[in-house]
Each structure stands twice: as C-alpha cells, then as structure tokens.
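Note sheet for the following structure.
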Amino acid sequence: MIKLCLVLLVALVLSACEQEQKINAFVKGSFVEIQQQHHQGKPYLIMFWSEDCAYCMKELELIADLLATETAFNLVTVSTDSFLSEDEIRQKLTSFNLQNVEAWVFAEAYAETLYLDVDKRWRGELPLTYLFDSQNNKTKKMGILSKQDLLAWVDFGVIEQQ
Amino acid sequence: MNKRQVIFILIVALLGVVGFNVYQQLSQERTTSTEPVKIMAAKAHKHAASGVVSIDIKYINDTLHLLSGKIEQGKHGLWYQSSQDQGKTWSESVNATAGLDIQAKFHRGNDARLAVQGNHIVAVWMSKKEGVPHNAGPMMSVRSADGGQSWQLATMPADWQGPHGFFAMDGNDEQISLVWLDSREQVGKGSQGLRYSNSTDGGLTWSKNLTLDQETCACCWNTAVFDDKGQLYVLYRDKNPSDMALGQVNEQQWQRLNTVGEFNWDFEGCPHIGGGFAIDTIQKQFHATVSTGHEQHLGVYYLNSVDQGQSWSTPIQLGDSRAVHSDVAVANNGNLIAAWDFISDSGFQVVHSESNDQGMNWSKAKLLSADDKASSHPRVVAMQDNALILWTEKDVDGVHTLRMITTEPKND
C-alpha cells in the first residue's frame, strides 16, 4: 500500500512538472517587454525564426546543443509564422529539445508591422538574433549565428557586430 | 515507516505539487502582459490564410493568362482565367486542379507559376508533405491542351524527388522553360541550387534537368523571361554575396552574365526577396528591379543593361529602406512601369512609378493600395502601351484578395 502511494505520488509530481510550454503572443511592444522582463543580470538571446527558414532550423539546433551543457544564458524564441498553431510551435521547439524555453509567436494581423516595431531597418530577413549581455547591452545578428560567434559571446560577451 | 509518517509525507508532497503549479502559473502569467488587447491577441494569434494567396500572369498574343492559387475552406486549388481586352473583363474561372488532392504549399514569394506555348498551358507549384523539413514536397504540375478550358495532372519536370520551390517559367512558340530551386546537391549551409528543364510538347515530357547555379539563395523567387530569339534569361539571387544575378540558357548551355546591382550584401539567411526583369526587344535593353538588405543600401533599385546583361547601369533607388518586393515591365512603346511594396506602420502598401526615358527618370511613386489592408508582392505585366499591375491584399482576418489596375497609356 505504502509503495503504491509512493509510486502514485512520484507520477503526480512528474506530471505536474511536465507543464505544457506556453506560447506567448508577440504584439507591438513585446520586444521591449521581453527585454524589461529579462533585465536581471543573466545574458539571453531573442531569436526570431520561421519554419520555412533552413538557416533558422540550423541556428535553433546550434543554440539547443549549447544550452544542453551551458546554463550561462537564457533563450527566448519568437516564431514569425503567425499561421502556425501553438501545438505546431511546441512540436517544432520540442524537436530541438527546446520545450522549456520561453516561446513567442507573431500575433499581429499584419506581421510586417512587427518588423518595424523590433527594428526600423528589419524587412523580415531571417534568422534574426539579438544577444543581450548581463548589462542588457544588445548585439544584433542578422543571418545565422556561427558556433564560433555564439561561443565567443558566451565566453566574452562579444561577437563580430553586424 | 508507519501510516502517520506516510500520510504526513503525502500531505507535504501534495502541498508541494499544488504550490509548484501555482508558482508556474504565476511565472507564466508574468511573461505576458495582462492588458486586454494582448490577451485577445494571444487567443487569436493564429492567422490562417484564405483567398488568393498565389498569383502568376502572362501576356501573350493580346491575351492575358492569369493563374490564381486559392485557399478555400482550408483546401488549396489553382484557378485559371484569361482576358482578351487587357484585363477589363475575364473569362469564367476554371479550376485547374479540380478533383486533385494537391496538398499545395504556395504563398506570395513562392507562387504557383504558369507558362504558355500556343494552346498549351502548364502550371507548377510546390506540394506540401507532412513530416519533412519545412513540409516542403516535390513540385506538382497540371497542363491544358485547349487553351485553359480543361486541365490534367502532368508529368513532373524534375528528375529528383526531393522538395522543389521558387519556380519561374516562360514559354514561346517552340518550348516552355522552367527553373526552380532544390537541394539535390547541397554545397553550403541551407543552400539550394538553381535547376532547369524545358518541354517542347506543352508539358507532356521534360528534358533532363540541368543545374544552372549550384548555390543560390534558398528562399528567393526567380524570374525567367524569353527574348525574341528564344534565349531564356533568369534573374535570381546568388550567394556569396547575396546580390541578384542574371544568366542565360541557350541550347542547354548556361552562362552567368553578371551581378545585377553590386551591393556586396553578404547574408547567411533567408531574405525571401527576388527581383523583376523585362526585355525591351525594340530598344534592345534589359530592365531590372532588385532589392537589397545591405545595411548601407536598403531598398528597391532599378538598373538597365544595353549589352544583353553583360554590364548594368548604376542602380537608381526607387524605394527607400522600407521597400521590399518589386517588379518591372516594359510596354511596346518603351515606357517602363515599376511597382513595389513597402512596410508602413499599418502593414505593406503597394506603389508604382513610370519612366518614359528608358529608366533615366521616374515619376513620383503613386500609392495603389488601400491603407486599411496589407498589400504586397506586386506583379507588373506589360500589354500594348500600358500595363496591368496586380497584387494581393490581406485583411485582419487573413482573407487575401487579388487586386489589379491598368495603367494609363502614355505615348510621349
């Protein structure tokens, strides 16, 4: 009886821990909001991706590989595919073992207005990644991040500026 | 361990689980604002497209041929129409994919395309395949042998079964030529190559595929145009750097002619932007509109060539840093008509401009689209002494509608 209770208890705890990844709605102002929320001394990346962007898939894989062993930074993902369902986004992120990272999806009717909101000079090119150091200093990387750049940023907080 | 101890542990554990859940809930609430507008946006974030999501147009022997890719009740279909009076009236729509489960993956920037050879019309598009990268499948094709009245599933032009996309196609009296991107021989990170095939029997059979360029932009549309001598010119986005380039296919031989707009934009990613290309057979001039994401040169530019694409003029900026997708056409009287979209605070808007001196000077850009909708990816097709400009607009519910205007003829 006691063993059964303990097994049930473990199952209960595990199921409670496996919360579904929340997919937040990325609207005008969200980019600034994310930065305000994360300005707590720990470096983080905000990465914009699309399922149609092969380079984005490679960058997600690269970051996920590093996150598996490196806890010095957080990752915030933003899908620019407003047509994807939340389940589809979860599935894609889970396929990279990124089911526990903070996730957002474009949620304005006209996605291009969000390009302007993030960066007046962004016209939708992907991937786009912003790297924030512990002082919340921002580095913009348009195009795929190389492993070398990512490691340099993790180690020294700098990459070759775009 | 006695019963009391077990009950105590269970109560503590349950309180822990409940506490953990409450904490998680609160943490997740913190990641999003609780402002009503944002909660509404979260619930309604999925913007499923419907309506006309793909277009292609050709003007041949005084007839406009229009291919519209539509999503209706979640199902994709391709519809064909023609016009004998420069777009004033259109024939009844014919469903070119009726009865076919086409599972298409077309959208603006990766549109389904059509080409015409006499009474033969061929359409191609990317299929959707679940469970593969990007859900991108092999191309599919339909053909008509009676000027678009009836359509049949046709032979796939590609001789490699992987995914194909970003098609460009043109036809003349002798043949239909098709170019597209696929990754049958990857030479770089996320790269695709530019492939070619042609058909001399209206899309019944296709030639062995030819690789025109092993490494190109992986996600940019291409443009293919025959000249009056039967040579096919292809405008595409190259790699290393990611500037536009023009090449020529002549009797199964490829020659890359030159870069069209040397911005030296080095970009390892997906721009999703091609260009516009037109040939003035009377003035013997080539005209192109290109877009670049180079930080110092952002925008849409016009260039021309007087030596069949071997060299190009200094780029003239048509649209500023907010301008993205463009097209150009040349009317029989030599007038040039360019159209492009730009990002405004309320979404994409479409404008056009004209030149009556071979591109040296351009009229002030004129807004064509409604400012309460998002309008993008204009196409321009030259007719006799004017042009038809087409684009798609999207409303807040994701419903896409085809819009078109005819420019005023100018004979100055």
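A note on labels: chains of the structure tokens are A, B, ... as shown, every chain counts residues from 1, and ligands are counted from 1 in their shown order.
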Might you pull out every residue within 8 Å of region 81-96 of chain A, with only C-alpha atoms counted and same-chain residues fewer than 6 positions away left off, and present them as a list in words?
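Once the adjacent positions are removed, what remains is Gln21, Ile23, Ser50, Glu51, Leu60, Glu61, Ala64, Val105, Phe106, Ala107, Glu108 and Ala111 of chain A; His45, Lys46, His47, Ala48 and Ala49 of chain B.
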Given only C-alpha atoms, how would the per-residue table for chain A near chain B read, listing every residue at most 9 Å away with its closest atom pair and distance in Å to one decimal, sorted by chain and number, as a tab-separated table?
```
residue	atom	partner	partner_atom	distance
A:Ile2	CA	B:Val6	CA	7.1
A:Cys5	CA	B:Leu10	CA	8.1
A:Leu6	CA	B:Leu10	CA	8.1
A:Leu9	CA	B:Leu10	CA	7.3
A:Leu12	CA	B:Val17	CA	7.8
A:Val13	CA	B:Val17	CA	6.1
A:Ala16	CA	B:Val17	CA	6.6
A:Cys17	CA	B:Phe20	CA	8.1
A:Gln19	CA	B:Gln24	CA	8.4
A:Lys22	CA	B:Gln28	CA	7.1
A:Ile23	CA	B:Ala42	CA	8.4
A:Asn24	CA	B:Thr32	CA	6.5
A:Ala25	CA	B:Ala42	CA	4.6
A:Phe26	CA	B:Ala42	CA	8.0
A:Val27	CA	B:Lys38	CA	7.2
A:Ser30	CA	B:Thr32	CA	8.4
A:Glu33	CA	B:Ser33	CA	8.4
A:Ile34	CA	B:Thr31	CA	7.7
A:Gln37	CA	B:Thr31	CA	7.4
A:Glu51	CA	B:His134	CA	5.7
A:Asp52	CA	B:His134	CA	5.1
A:Cys53	CA	B:Cys270	CA	6.2
A:Ala54	CA	B:Gly190	CA	5.3
A:Tyr55	CA	B:Gly269	CA	5.6
A:Cys56	CA	B:Gly269	CA	7.7
A:Lys58	CA	B:Gly190	CA	8.0
A:Asp81	CA	B:Lys46	CA	8.7
A:Ser82	CA	B:Lys46	CA	5.4
A:Phe83	CA	B:His47	CA	4.7
A:Leu84	CA	B:Lys46	CA	6.2
A:Ser85	CA	B:Lys46	CA	5.9
A:Glu86	CA	B:Lys46	CA	8.1
A:Glu102	CA	B:Thr31	CA	8.4
A:Val105	CA	B:His45	CA	7.6
A:Phe106	CA	B:His45	CA	7.1
A:Ala107	CA	B:His45	CA	4.4
A:Glu108	CA	B:Ala41	CA	7.1
A:Ala109	CA	B:Val396	CA	5.1
A:Tyr110	CA	B:Gly347	CA	5.6
A:Ala111	CA	B:Gly347	CA	7.6
A:Glu112	CA	B:Gly347	CA	5.8
A:Thr113	CA	B:Gly347	CA	5.3
A:Leu114	CA	B:Asp345	CA	9.0
A:Tyr115	CA	B:Ile343	CA	8.6
A:Leu116	CA	B:Asp345	CA	7.4
A:Asp117	CA	B:Asp345	CA	8.8
A:Lys120	CA	B:Arg322	CA	8.1
A:Arg121	CA	B:Ser321	CA	6.7
A:Trp122	CA	B:Arg322	CA	8.3
A:Arg123	CA	B:Val324	CA	7.0
A:Gly124	CA	B:Pro271	CA	7.1
A:Glu125	CA	B:Pro271	CA	4.6
A:Leu126	CA	B:Cys270	CA	5.2
A:Pro127	CA	B:Gly269	CA	6.1
A:Leu128	CA	B:Gly269	CA	8.8
A:Met142	CA	B:Phe267	CA	7.7
A:Gly143	CA	B:Gly269	CA	4.6
A:Ile144	CA	B:Glu268	CA	5.7
A:Leu145	CA	B:Glu268	CA	8.7
A:Gln162	CA	B:Glu295	CA	8.8
```
